[in-house]
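Shown here: work_39.txt, compact mmCIF, C-alpha atoms.
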# COMPACT_ATOMS: atom_id res chain seq x y z
CA MET A 184 -0.85 -0.07 -20.69
CA LYS A 185 -3.89 -1.40 -18.79
CA ARG A 186 -3.55 -4.85 -20.32
CA GLN A 187 0.21 -4.98 -19.69
CA LEU A 188 -0.19 -4.02 -16.02
CA ALA A 189 -2.92 -6.62 -15.51
CA ILE A 190 -0.84 -9.36 -17.13
CA LEU A 191 2.24 -8.48 -15.06
CA PHE A 192 0.27 -8.42 -11.82
CA PHE A 193 -1.62 -11.67 -12.18
CA ALA A 194 1.23 -13.59 -13.82
CA ASN A 195 3.56 -12.78 -10.94
CA MET A 196 0.93 -13.44 -8.31
CA PHE A 197 0.09 -16.94 -9.50
CA SER A 198 3.58 -17.99 -10.53
CA LEU A 199 5.19 -16.86 -7.29
CA PHE A 200 2.59 -18.20 -4.89
CA GLY A 201 3.95 -21.71 -5.38
CA PHE A 202 1.08 -23.74 -3.91
CA GLY A 203 1.96 -27.08 -2.36
CA GLN A 204 5.69 -26.50 -1.90
CA LYS A 205 7.56 -28.08 0.97
CA GLU A 206 8.45 -25.70 3.79
CA ASN A 207 11.86 -25.12 5.34
CA ASP A 208 12.01 -26.23 8.97
CA SER A 209 15.02 -24.02 9.74
CA ILE A 210 13.09 -20.75 9.40
CA PRO A 211 12.06 -19.17 12.73
CA THR A 212 8.49 -18.14 13.47
CA ILE A 213 7.64 -14.73 12.04
CA GLU A 214 6.59 -11.97 14.45
CA LEU A 215 3.29 -10.12 14.38
CA THR A 216 5.20 -6.83 14.05
CA THR A 217 6.66 -8.06 10.76
CA ILE A 218 3.22 -9.01 9.46
CA ALA A 219 1.94 -5.56 10.43
CA GLN A 220 4.88 -3.76 8.84
CA VAL A 221 4.35 -5.54 5.52
CA ASN A 222 0.66 -4.64 5.63
CA GLN A 223 1.26 -0.99 6.60
CA GLY A 224 3.73 -0.40 3.76
CA ASN A 225 7.15 1.25 3.48
CA SER A 226 8.30 4.85 3.37
CA LEU A 227 9.63 5.92 -0.01
CA ILE A 228 10.89 8.84 -2.09
CA THR A 229 10.57 8.91 -5.86
CA ALA A 230 13.14 10.27 -8.30
CA PRO A 231 12.14 13.14 -10.69
CA ILE A 232 11.97 10.79 -13.69
CA ASP A 233 8.39 9.50 -13.62
CA ILE A 234 7.20 8.04 -16.91
CA GLY A 235 3.52 8.57 -17.69
CA ASN A 236 0.74 11.09 -17.36
CA ILE A 237 1.41 12.44 -13.86
CA GLU A 238 2.34 16.10 -13.37
CA SER A 239 6.07 16.89 -13.43
CA LEU A 240 7.35 16.29 -9.88
CA TRP A 241 10.67 16.77 -8.16
CA PHE A 242 9.64 13.96 -5.87
CA GLU A 243 6.80 12.22 -4.10
CA GLY A 244 7.45 11.27 -0.51
CA ASN A 245 5.32 8.68 1.29
CA LEU A 246 6.18 8.72 5.01
CA ILE A 247 4.84 5.78 7.03
CA PRO A 248 6.19 5.71 10.60
CA ASN A 249 4.66 3.01 12.79
CA PHE A 250 4.24 3.06 16.58
CA TYR A 251 3.52 -0.39 18.02
CA ILE A 252 1.37 -0.98 21.10
CA ARG A 253 1.68 -4.47 22.57
CA GLU A 254 2.13 -6.17 25.93
CA SER A 255 5.12 -8.27 24.89
CA LYS A 256 7.02 -9.56 21.88
CA ASP A 257 4.88 -12.71 21.79
CA SER A 258 1.51 -10.95 22.07
CA ARG A 259 -1.21 -12.18 19.72
CA LEU A 260 -2.96 -8.79 19.94
CA MET A 261 -1.24 -5.57 18.87
CA GLY A 262 -2.15 -2.00 17.95
CA VAL A 263 -0.33 0.21 15.45
CA ILE A 264 -0.60 4.01 15.26
CA THR A 265 0.54 5.40 11.90
CA PRO A 266 0.62 9.16 11.09
CA GLN A 267 1.07 8.63 7.34
CA ILE A 268 1.72 11.64 5.07
CA ILE A 269 2.15 11.79 1.27
CA ILE A 270 3.85 14.87 -0.19
CA ARG A 271 4.37 15.92 -3.80
CA MET A 272 6.76 18.70 -4.81
CA TYR A 273 5.98 20.08 -8.25
CA GLN A 274 8.48 21.22 -10.86
CA GLU A 275 7.07 24.72 -10.93
CA GLU A 276 8.18 28.16 -9.77
CA SER A 277 9.06 28.13 -6.04
CA PHE A 278 8.79 24.31 -6.05
CA PRO A 279 5.31 24.21 -4.44
CA VAL A 280 4.07 21.36 -2.27
CA ARG A 281 0.33 21.35 -2.80
CA THR A 282 -2.34 19.81 -0.60
CA PRO A 283 -0.40 16.97 1.10
CA SER A 284 -2.35 13.84 1.98
CA TYR A 285 -2.74 13.49 5.75
CA MET A 286 -3.62 9.86 6.50
CA PRO A 287 -3.44 9.11 10.26
CA GLN A 288 -4.73 5.65 11.15
CA ILE A 289 -5.09 3.18 13.99
CA THR A 290 -4.85 -0.52 13.15
CA VAL A 291 -5.42 -3.51 15.42
CA TYR A 292 -3.92 -6.92 14.54
CA TYR A 293 -4.84 -10.27 16.02
CA LEU A 294 -2.97 -13.52 15.31
CA LEU A 295 -5.77 -16.03 14.68
CA SER A 296 -3.59 -19.09 14.13
CA LEU A 297 0.11 -19.86 14.17
CA LYS A 298 1.81 -22.97 12.83
CA GLU A 299 5.42 -23.93 12.34
CA ASN A 300 7.54 -22.59 9.48
CA LEU A 301 5.97 -19.13 9.22
CA LYS A 302 2.44 -20.32 8.52
CA SER A 303 -0.03 -17.96 10.13
CA LEU A 304 -3.38 -16.26 9.67
CA SER A 305 -4.01 -12.78 11.05
CA LEU A 306 -7.04 -10.53 11.31
CA PHE A 307 -6.83 -6.73 11.21
CA GLY A 308 -9.18 -3.80 11.57
CA ARG A 309 -8.39 -0.17 10.80
CA LEU A 310 -9.88 3.25 11.45
CA ALA A 311 -8.33 5.88 9.15
CA HIS A 312 -8.66 9.48 8.04
CA HIS A 313 -7.65 11.04 4.71
CA SER A 314 -7.68 14.79 4.11
CA ASN A 315 -5.68 17.56 2.48
CA GLY A 316 -5.80 20.22 5.20
CA GLN A 317 -7.64 22.78 3.02
CA ASP A 318 -10.85 24.70 3.65
CA GLY A 319 -11.75 26.20 0.27
CA ASP A 320 -14.77 25.37 -1.88
CA PHE A 321 -14.62 21.87 -3.36
CA PHE A 322 -15.68 23.09 -6.81
CA LEU A 323 -14.59 26.12 -8.80
CA ALA A 324 -17.12 28.47 -10.39
CA ASN A 325 -16.86 26.59 -13.70
CA GLY A 326 -17.68 23.25 -12.03
CA ASP A 327 -14.12 21.86 -12.01
CA ILE A 328 -12.66 20.41 -8.82
CA ASN A 329 -10.61 22.96 -6.89
CA LEU A 330 -7.26 21.16 -6.75
CA LYS A 331 -5.29 23.92 -5.03
CA SER A 332 -7.48 24.79 -2.03
CA GLY A 333 -10.60 22.63 -2.19
CA ASP A 334 -11.58 20.84 1.03
CA PHE A 335 -11.16 17.07 0.74
CA SER A 336 -11.88 14.80 3.69
CA THR A 337 -12.98 11.21 4.23
CA ASN A 338 -12.88 8.69 7.06
CA TYR A 339 -13.08 4.96 6.60
CA TYR A 340 -13.06 1.54 8.22
CA GLU A 341 -11.13 -1.42 6.86
CA PHE A 342 -11.28 -5.08 7.86
CA GLY A 343 -9.18 -7.89 6.45
CA LEU A 344 -7.19 -11.12 6.69
CA ILE A 345 -3.47 -11.76 6.12
CA ASN A 346 -2.08 -15.19 5.27
CA THR A 347 1.65 -15.70 5.82
CA ASN A 348 3.70 -18.62 4.51
CA PHE A 349 7.21 -19.75 3.59
CA LYS A 350 7.97 -21.39 0.23
CA SER A 351 11.17 -23.40 0.10
CA ARG A 352 11.15 -23.49 -3.70
CA TYR A 353 11.90 -19.77 -3.75
CA ASN A 354 13.39 -19.51 -0.27
CA ALA A 355 10.94 -16.68 0.28
CA VAL A 356 8.32 -15.44 2.71
CA GLN A 357 4.91 -14.75 1.18
CA PHE A 358 2.03 -12.58 2.35
CA LEU A 359 -1.46 -12.59 0.88
CA SER A 360 -3.99 -10.13 2.28
CA THR A 361 -7.54 -9.23 1.38
CA SER A 362 -9.62 -6.50 2.96
CA PHE A 363 -12.80 -4.48 2.54
CA GLN A 364 -12.85 -0.71 2.99
CA ILE A 365 -15.96 1.32 3.92
CA HIS A 366 -16.24 5.12 3.63
CA PRO A 367 -19.55 5.95 5.39
CA ILE A 368 -21.80 8.30 3.41
CA THR A 369 -22.38 10.65 6.34
CA HIS A 370 -20.85 13.75 7.86
CA LEU A 371 -17.64 11.71 8.14
CA SER A 372 -16.81 12.52 4.49
CA SER A 373 -17.09 15.63 2.32
CA GLU A 374 -20.62 15.81 0.90
CA GLU A 375 -19.25 16.68 -2.54
CA LEU A 376 -17.68 13.21 -2.83
CA LYS A 377 -21.09 11.55 -3.21
CA ASN A 378 -21.39 9.68 -6.52
CA ILE A 379 -17.91 10.69 -7.69
CA TYR A 380 -15.79 8.87 -5.07
CA SER A 381 -16.04 5.16 -4.29
CA ASN A 382 -17.34 4.46 -0.79
CA TYR A 383 -16.71 0.70 -0.86
CA ARG A 384 -13.43 -0.92 -1.94
CA TRP A 385 -12.04 -4.42 -2.05
CA ASN A 386 -8.26 -4.55 -1.68
CA THR A 387 -5.99 -7.50 -2.42
CA THR A 388 -2.22 -7.49 -1.89
CA PHE A 389 0.34 -10.18 -2.63
CA SER A 390 3.97 -9.82 -1.46
CA ILE A 391 6.98 -12.10 -1.66
CA PHE A 392 10.34 -11.47 0.01
CA LYS A 393 13.38 -13.38 -1.25
CA ILE A 394 15.73 -14.27 1.63
CA PRO A 395 19.51 -14.80 1.30
CA THR A 396 20.32 -18.50 1.59
CA ASN A 397 23.40 -18.31 3.81
CA ASN A 398 22.97 -18.68 7.59
CA ILE A 399 19.24 -17.98 7.57
CA GLN A 400 18.67 -19.83 10.81
CA LEU A 401 21.58 -18.10 12.58
CA LYS A 402 20.99 -14.45 11.86
CA LYS A 403 18.02 -12.40 10.71
CA LYS A 404 18.60 -10.72 7.34
CA ASN A 405 17.04 -8.24 4.96
CA ALA A 406 15.21 -9.64 1.98
CA SER A 407 17.50 -9.26 -1.03
CA PHE A 408 14.56 -8.82 -3.36
CA SER A 409 10.82 -8.34 -3.02
CA ILE A 410 7.78 -7.95 -5.23
CA LYS A 411 4.38 -6.58 -4.26
CA GLY A 412 1.23 -6.67 -6.36
CA GLN A 413 -1.87 -4.73 -5.31
CA SER A 414 -5.35 -4.43 -6.72
CA THR A 415 -8.39 -2.39 -5.66
CA TRP A 416 -11.91 -2.76 -7.01
CA MET A 417 -14.17 0.23 -6.35
CA PHE A 418 -17.87 -0.45 -5.75
CA GLY A 419 -20.85 1.87 -5.56
CA ASP A 420 -22.18 4.73 -7.70
CA VAL A 421 -19.14 6.41 -9.21
CA ASN A 422 -19.39 8.72 -12.24
CA ASP A 423 -22.20 6.60 -13.72
CA TRP A 424 -19.70 3.80 -14.41
CA ASN A 425 -21.03 0.40 -15.34
CA GLY A 426 -20.73 -2.15 -12.53
CA LEU A 427 -18.07 -4.05 -14.49
CA SER A 428 -16.23 -1.00 -15.87
CA LEU A 429 -12.43 -1.33 -15.77
CA ASN A 430 -12.36 2.27 -14.53
CA ARG A 431 -13.13 0.72 -11.14
CA LEU A 432 -9.86 -1.22 -11.08
CA ASN A 433 -6.59 0.09 -9.63
CA LEU A 434 -3.41 -1.96 -10.12
CA SER A 435 0.09 -1.57 -8.73
CA LEU A 436 3.24 -3.64 -9.10
CA THR A 437 6.36 -2.76 -7.08
CA LEU A 438 9.78 -4.39 -7.50
CA TYR A 439 12.33 -3.77 -4.76
CA TYR A 440 16.06 -4.55 -4.64
CA HIS A 441 18.19 -4.31 -1.50
CA PRO A 442 21.93 -4.11 -2.31
CA LYS A 443 24.37 -5.54 0.23
CA PHE A 444 26.16 -2.22 0.73
CA LEU A 445 23.03 -0.51 2.15
CA GLU A 446 21.48 -1.24 5.56
CA ASP A 447 17.87 -0.03 5.67
CA ILE A 448 17.08 1.32 2.19
CA GLY A 449 17.04 -0.03 -1.34
CA PHE A 450 15.84 0.79 -4.84
CA PHE A 451 12.38 0.27 -6.27
CA THR A 452 10.49 0.41 -9.55
CA GLN A 453 6.72 0.79 -9.50
CA LEU A 454 4.04 0.49 -12.16
CA TYR A 455 0.69 2.02 -11.31
CA HIS A 456 -2.61 2.23 -13.16
CA GLY A 457 -5.81 3.67 -11.77
CA MET A 458 -7.30 6.50 -9.76
CA ASP A 459 -4.90 9.09 -8.36
CA TYR A 460 -4.56 8.36 -4.62
CA TYR A 461 -3.40 11.92 -3.77
CA ASN A 462 -6.48 13.29 -1.92
CA ILE A 463 -8.53 15.70 -4.06
CA TYR A 464 -6.69 14.61 -7.21
CA PHE A 465 -8.72 11.36 -7.16
CA ASP A 466 -10.52 12.37 -10.37
CA HIS A 467 -7.28 11.94 -12.35
CA LYS A 468 -6.41 8.61 -13.99
CA LEU A 469 -2.74 7.64 -13.76
CA ASP A 470 -0.65 5.29 -15.91
CA ILE A 471 2.89 5.70 -14.62
CA VAL A 472 6.24 4.03 -14.09
CA ARG A 473 8.37 5.47 -11.30
CA PHE A 474 11.70 4.87 -9.60
CA GLY A 475 13.21 5.79 -6.25
CA ILE A 476 14.46 4.63 -2.87
CA MET A 477 12.44 2.79 -0.23
CA THR A 478 12.97 1.88 3.40
CA GLU A 479 13.00 -1.81 4.25
CA LYS A 480 13.61 -2.70 7.91
CA LEU A 481 12.10 -6.15 7.77
CA ARG A 482 14.32 -8.94 9.09
CA PHE A 483 13.72 -12.63 8.42

Take the structure in the file and give it back as structure tokens.
Amino acid sequence: MKRQLAILFFANMFSLFGFGQKENDSIPTIELTTIAQVNQGNSLITAPIDIGNIESLWFEGNLIPNFYIRESKDSRLMGVITPQIIIRMYQEESFPVRTPSYMPQITVYYLLSLKENLKSLSLFGRLAHHSNGQDGDFFLANGDINLKSGDFSTNYYEFGLINTNFKSRYNAVQFLSTSFQIHPITHLSSEELKNIYSNYRWNTTFSIFKIPTNNIQLKKKNASFSIKGQSTWMFGDVNDWNGLSLNRLNLSLTLYYHPKFLEDIGFFTQLYHGMDYYNIYFDHKLDIVRFGIMTEKLRF
């Protein structure tokens, strides 16, 4: 499963990037809000048919509302406030929702350079919090992590670059971002996370949005299809892992389809391998395939 995910991710990333293609002069300049929305991610709800080693869920909901702070539509500097929440409802008695992930964040974007035909380079910085709203002991008496009521909390900084481009060969808008994430080893994070939770992470994300070919220059449209590949490499002392251990690698590949009969949502399939991102469940390793619906309000 690890090898298949890695092959899918890198094969799509390099084949779709399409270096050296001629751009389409009819495409309007992309807005900074669109760049930010791609980088922030989309809200989604999964169906209860996950394939893999995750617990049986009725659904996982990832809610990502964005509030934009800017002087005008053409501003090169913009802030985004995002009160992100991830919720899992388990297929157990009373359908419990355990320890949701609360992930409020403030992100600042600055448009470094802007050229014709959607070519741009943007810088972003983020201050974020991730906790589960619990106050119990982190460990149980037997030394296991207390998944139901253990206190999980971390704060982090993230800095990165986003390259935006249009490729006429695919009639698609492409985004390539890279960022570095720092979780300070201080009172800003739970002390129990030391040496079992990565404090430094390198994130890379590649996205491509396929645009309908008819009347592109006359009316903004939803992307009919999109693909997003993400990778995270975790640095630091984590569980005595070797510096080159593949346990440090998280991979995700998401395929999204927007049917013509729907306005703001579509269907997605996601493959994920790596550390569980659901707060105190981070010690679990996931290899899953999931399906569901996703919001997509981007217009090109």

task: Take CA of Arg473 (chain A) and CA of Ile410 (chain A) and report the distance between them in Å, one decimal.
output: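 Atom-to-atom, CA of Arg473 (chain A) and CA of Ile410 (chain A) are spaced 14.7 Å apart.
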
Could you put an axis-aligned box around every listed atom of region 466-473 of chain A, padded by 3 Å on each side, and send me its centre and edge lengths in Å to one decimal, as AutoDock Vina command-line options?
--center_x -1.1 --center_y 8.2 --center_z -13.1 --size_x 24.9 --size_y 14.3 --size_z 11.5

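The gap separating CA of Lys480 (chain A) from CA of Gly412 (chain A) is 19.3 Å, in Å to one decimal.
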
field: Distance query region 430-438 of chain A at most 9 Å, only C-alpha atoms, self and fewer than 3 positions along chain excluded, as a PyMOL selection string
entry: chain A and resi 185+188-189+191-192+381+408-418+421+424-427+450-458+468

message: Using Å and a single decimal, report how far CA of Leu359 (chain A) sits from CA of Asn386 (chain A).
response: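 Separation of CA of Asn386 (chain A) and CA of Leu359 (chain A): 10.8 Å.
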
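The smallest atom-to-atom distance between Gln317 (chain A) and any of A:Asn382, A:Ser239, A:Thr282, A:Asn338, using only C-alpha atoms, is found for A:Thr282.
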
Given only C-alpha atoms as the counted atoms, nearest of A:Thr216, A:Thr388, A:Thr337, A:Ser362 to Tyr293 (chain A):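 When distances to Tyr293 (chain A) are compared using only C-alpha atoms, the smallest one comes from A:Thr216.
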
- prompt: Of the candidates A:Met261, A:Thr387, A:Glu275, A:Ile213, which shows the shortest atom-to-atom distance to Asn348 (chain A), using all atoms listed in the file?
  reply: A:Ile213

Near-Tyr461 (chain A) list (8 Å; all atoms listed in the file; drop same-chain fewer than 4 positions) as a ChimeraX atom specification: /A:269,283-284,465

Can you pull out the residues contacting region 376-378 of chain A? Cut-off 12 Å, using all atoms listed in the file, and skip same-chain residues under 5 positions away; I want them as a compact mmCIF listing (two decimals) with C-alpha atoms, in the frame of the given file.
# COMPACT_ATOMS: atom_id res chain seq x y z
CA PHE A 321 -14.62 21.87 -3.36
CA PHE A 322 -15.68 23.09 -6.81
CA ILE A 328 -12.66 20.41 -8.82
CA GLY A 333 -10.60 22.63 -2.19
CA ASP A 334 -11.58 20.84 1.03
CA PHE A 335 -11.16 17.07 0.74
CA SER A 336 -11.88 14.80 3.69
CA THR A 337 -12.98 11.21 4.23
CA ASN A 338 -12.88 8.69 7.06
CA HIS A 366 -16.24 5.12 3.63
CA PRO A 367 -19.55 5.95 5.39
CA ILE A 368 -21.80 8.30 3.41
CA THR A 369 -22.38 10.65 6.34
CA HIS A 370 -20.85 13.75 7.86
CA LEU A 371 -17.64 11.71 8.14
CA TYR A 383 -16.71 0.70 -0.86
CA MET A 417 -14.17 0.23 -6.35
CA PHE A 418 -17.87 -0.45 -5.75
CA GLY A 419 -20.85 1.87 -5.56
CA ASP A 420 -22.18 4.73 -7.70
CA VAL A 421 -19.14 6.41 -9.21
CA ASN A 422 -19.39 8.72 -12.24
CA ASP A 423 -22.20 6.60 -13.72
CA TRP A 424 -19.70 3.80 -14.41
CA ASN A 462 -6.48 13.29 -1.92
CA ILE A 463 -8.53 15.70 -4.06
CA TYR A 464 -6.69 14.61 -7.21
CA PHE A 465 -8.72 11.36 -7.16
CA ASP A 466 -10.52 12.37 -10.37

Pick from A:Ser305, A:Asn236, A:Ser277, A:Asn405 nearest to Val291 (chain A), counting all atoms listed in the file: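 Between A:Ser305, A:Asn236, A:Ser277, A:Asn405, the residue approaching Val291 (chain A) most closely is A:Ser305.
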
Could you pull the residues within 10 Å of Ile237 (chain A), counting only C-alpha atoms, minus those fewer than 5 positions along the same chain, as a PDB file with C-alpha atoms, in the frame of the given file?
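Output (selection.pdb):
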ATOM      1  CA  ASP A 459      -4.900   9.090  -8.360  1.00  0.00           C
ATOM      2  CA  HIS A 467      -7.280  11.940 -12.350  1.00  0.00           C
ATOM      3  CA  LYS A 468      -6.410   8.610 -13.990  1.00  0.00           C
ATOM      4  CA  LEU A 469      -2.740   7.640 -13.760  1.00  0.00           C
ATOM      5  CA  ASP A 470      -0.650   5.290 -15.910  1.00  0.00           C
ATOM      6  CA  ILE A 471       2.890   5.700 -14.620  1.00  0.00           C
ATOM      7  CA  VAL A 472       6.240   4.030 -14.090  1.00  0.00           C
TER       8      VAL A 472
END

- prompt: Could you pull the residues within 8 Å of Ile289 (chain A), counting only C-alpha atoms, minus those fewer than 6 positions along the same chain, as number ranges by chain?
  reply: A: 262-265, 309-311

Pick from A:Thr478, A:Lys331, A:Lys256, A:Glu375, whichever lies nearest to Pro279 (chain A) using all atoms listed in the file: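 Under the stated criterion, the closest residue is A:Lys331.
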
- request: Could you tell me which of A:Phe242, A:Ile476, A:Leu344, A:Ser373 comes closest to Ile218 (chain A) if we count all atoms listed in the file?
  value: A:Leu344

Fix up region 239-271 of chain A with N, CA and C atoms, then write it as a PDB file, in the coordinates of the input.
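In the end it all went to part18.pdb:
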ATOM      1  N   SER A 239       4.624  16.920 -13.633  1.00  0.00           N
ATOM      2  CA  SER A 239       6.070  16.890 -13.430  1.00  0.00           C
ATOM      3  C   SER A 239       6.379  17.159 -11.956  1.00  0.00           C
ATOM      4  N   LEU A 240       7.038  16.190 -11.308  1.00  0.00           N
ATOM      5  CA  LEU A 240       7.350  16.290  -9.880  1.00  0.00           C
ATOM      6  C   LEU A 240       8.857  16.251  -9.667  1.00  0.00           C
ATOM      7  N   TRP A 241       9.297  16.971  -8.628  1.00  0.00           N
ATOM      8  CA  TRP A 241      10.670  16.770  -8.160  1.00  0.00           C
ATOM      9  C   TRP A 241      10.745  15.484  -7.371  1.00  0.00           C
ATOM     10  N   PHE A 242       9.707  15.227  -6.596  1.00  0.00           N
ATOM     11  CA  PHE A 242       9.640  13.960  -5.870  1.00  0.00           C
ATOM     12  C   PHE A 242       8.253  13.780  -5.288  1.00  0.00           C
ATOM     13  N   GLU A 243       7.936  12.545  -4.965  1.00  0.00           N
ATOM     14  CA  GLU A 243       6.800  12.220  -4.100  1.00  0.00           C
ATOM     15  C   GLU A 243       7.357  11.477  -2.908  1.00  0.00           C
ATOM     16  N   GLY A 244       7.015  11.927  -1.727  1.00  0.00           N
ATOM     17  CA  GLY A 244       7.450  11.270  -0.510  1.00  0.00           C
ATOM     18  C   GLY A 244       6.276  10.661   0.232  1.00  0.00           C
ATOM     19  N   ASN A 245       6.366   9.373   0.529  1.00  0.00           N
ATOM     20  CA  ASN A 245       5.320   8.680   1.290  1.00  0.00           C
ATOM     21  C   ASN A 245       5.947   8.250   2.616  1.00  0.00           C
ATOM     22  N   LEU A 246       5.579   8.937   3.686  1.00  0.00           N
ATOM     23  CA  LEU A 246       6.180   8.720   5.010  1.00  0.00           C
ATOM     24  C   LEU A 246       5.227   7.897   5.858  1.00  0.00           C
ATOM     25  N   ILE A 247       5.694   6.699   6.282  1.00  0.00           N
ATOM     26  CA  ILE A 247       4.840   5.780   7.030  1.00  0.00           C
ATOM     27  C   ILE A 247       5.550   5.312   8.298  1.00  0.00           C
ATOM     28  N   PRO A 248       5.632   6.169   9.314  1.00  0.00           N
ATOM     29  CA  PRO A 248       6.190   5.710  10.600  1.00  0.00           C
ATOM     30  C   PRO A 248       5.147   4.921  11.376  1.00  0.00           C
ATOM     31  N   ASN A 249       5.576   3.861  12.032  1.00  0.00           N
ATOM     32  CA  ASN A 249       4.660   3.010  12.790  1.00  0.00           C
ATOM     33  C   ASN A 249       5.045   2.996  14.275  1.00  0.00           C
ATOM     34  N   PHE A 250       4.049   3.126  15.138  1.00  0.00           N
ATOM     35  CA  PHE A 250       4.240   3.060  16.580  1.00  0.00           C
ATOM     36  C   PHE A 250       3.444   1.855  17.094  1.00  0.00           C
ATOM     37  N   TYR A 251       4.142   0.862  17.630  1.00  0.00           N
ATOM     38  CA  TYR A 251       3.520  -0.390  18.020  1.00  0.00           C
ATOM     39  C   TYR A 251       3.090  -0.365  19.491  1.00  0.00           C
ATOM     40  N   ILE A 252       1.906  -0.875  19.743  1.00  0.00           N
ATOM     41  CA  ILE A 252       1.370  -0.980  21.100  1.00  0.00           C
ATOM     42  C   ILE A 252       1.092  -2.448  21.376  1.00  0.00           C
ATOM     43  N   ARG A 253       1.864  -3.054  22.258  1.00  0.00           N
ATOM     44  CA  ARG A 253       1.680  -4.470  22.570  1.00  0.00           C
ATOM     45  C   ARG A 253       2.194  -4.742  23.981  1.00  0.00           C
ATOM     46  N   GLU A 254       1.725  -5.809  24.571  1.00  0.00           N
ATOM     47  CA  GLU A 254       2.130  -6.170  25.930  1.00  0.00           C
ATOM     48  C   GLU A 254       3.518  -6.781  25.950  1.00  0.00           C
ATOM     49  N   SER A 255       3.819  -7.626  24.959  1.00  0.00           N
ATOM     50  CA  SER A 255       5.120  -8.270  24.890  1.00  0.00           C
ATOM     51  C   SER A 255       5.406  -8.670  23.454  1.00  0.00           C
ATOM     52  N   LYS A 256       6.591  -9.151  23.217  1.00  0.00           N
ATOM     53  CA  LYS A 256       7.020  -9.560  21.880  1.00  0.00           C
ATOM     54  C   LYS A 256       6.167 -10.691  21.335  1.00  0.00           C
ATOM     55  N   ASP A 257       5.652 -11.539  22.213  1.00  0.00           N
ATOM     56  CA  ASP A 257       4.880 -12.710  21.790  1.00  0.00           C
ATOM     57  C   ASP A 257       3.372 -12.479  21.814  1.00  0.00           C
ATOM     58  N   SER A 258       2.948 -11.232  21.986  1.00  0.00           N
ATOM     59  CA  SER A 258       1.510 -10.950  22.070  1.00  0.00           C
ATOM     60  C   SER A 258       0.800 -11.302  20.765  1.00  0.00           C
ATOM     61  N   ARG A 259      -0.385 -11.868  20.895  1.00  0.00           N
ATOM     62  CA  ARG A 259      -1.210 -12.180  19.720  1.00  0.00           C
ATOM     63  C   ARG A 259      -2.080 -10.995  19.317  1.00  0.00           C
ATOM     64  N   LEU A 260      -2.175  -9.999  20.198  1.00  0.00           N
ATOM     65  CA  LEU A 260      -2.960  -8.790  19.940  1.00  0.00           C
ATOM     66  C   LEU A 260      -2.037  -7.588  19.966  1.00  0.00           C
ATOM     67  N   MET A 261      -2.154  -6.715  18.952  1.00  0.00           N
ATOM     68  CA  MET A 261      -1.240  -5.570  18.870  1.00  0.00           C
ATOM     69  C   MET A 261      -1.933  -4.411  18.150  1.00  0.00           C
ATOM     70  N   GLY A 262      -1.658  -3.201  18.616  1.00  0.00           N
ATOM     71  CA  GLY A 262      -2.150  -2.000  17.950  1.00  0.00           C
ATOM     72  C   GLY A 262      -1.009  -1.269  17.267  1.00  0.00           C
ATOM     73  N   VAL A 263      -1.331  -0.563  16.189  1.00  0.00           N
ATOM     74  CA  VAL A 263      -0.330   0.210  15.450  1.00  0.00           C
ATOM     75  C   VAL A 263      -0.913   1.589  15.149  1.00  0.00           C
ATOM     76  N   ILE A 264      -0.214   2.627  15.574  1.00  0.00           N
ATOM     77  CA  ILE A 264      -0.600   4.010  15.260  1.00  0.00           C
ATOM     78  C   ILE A 264       0.334   4.511  14.156  1.00  0.00           C
ATOM     79  N   THR A 265      -0.251   5.012  13.062  1.00  0.00           N
ATOM     80  CA  THR A 265       0.540   5.400  11.900  1.00  0.00           C
ATOM     81  C   THR A 265       0.112   6.779  11.405  1.00  0.00           C
ATOM     82  N   PRO A 266       0.926   7.828  11.617  1.00  0.00           N
ATOM     83  CA  PRO A 266       0.620   9.160  11.090  1.00  0.00           C
ATOM     84  C   PRO A 266       1.152   9.338   9.671  1.00  0.00           C
ATOM     85  N   GLN A 267       0.566   8.635   8.724  1.00  0.00           N
ATOM     86  CA  GLN A 267       1.070   8.630   7.340  1.00  0.00           C
ATOM     87  C   GLN A 267       0.838   9.975   6.647  1.00  0.00           C
ATOM     88  N   ILE A 268       1.827  10.401   5.854  1.00  0.00           N
ATOM     89  CA  ILE A 268       1.720  11.640   5.070  1.00  0.00           C
ATOM     90  C   ILE A 268       2.318  11.382   3.684  1.00  0.00           C
ATOM     91  N   ILE A 269       1.624  11.834   2.639  1.00  0.00           N
ATOM     92  CA  ILE A 269       2.150  11.790   1.270  1.00  0.00           C
ATOM     93  C   ILE A 269       2.329  13.223   0.787  1.00  0.00           C
ATOM     94  N   ILE A 270       3.503  13.514   0.256  1.00  0.00           N
ATOM     95  CA  ILE A 270       3.850  14.870  -0.190  1.00  0.00           C
ATOM     96  C   ILE A 270       4.337  14.821  -1.627  1.00  0.00           C
ATOM     97  N   ARG A 271       3.864  15.756  -2.445  1.00  0.00           N
ATOM     98  CA  ARG A 271       4.370  15.920  -3.800  1.00  0.00           C
ATOM     99  C   ARG A 271       4.924  17.335  -3.980  1.00  0.00           C
TER     100      ARG A 271
END
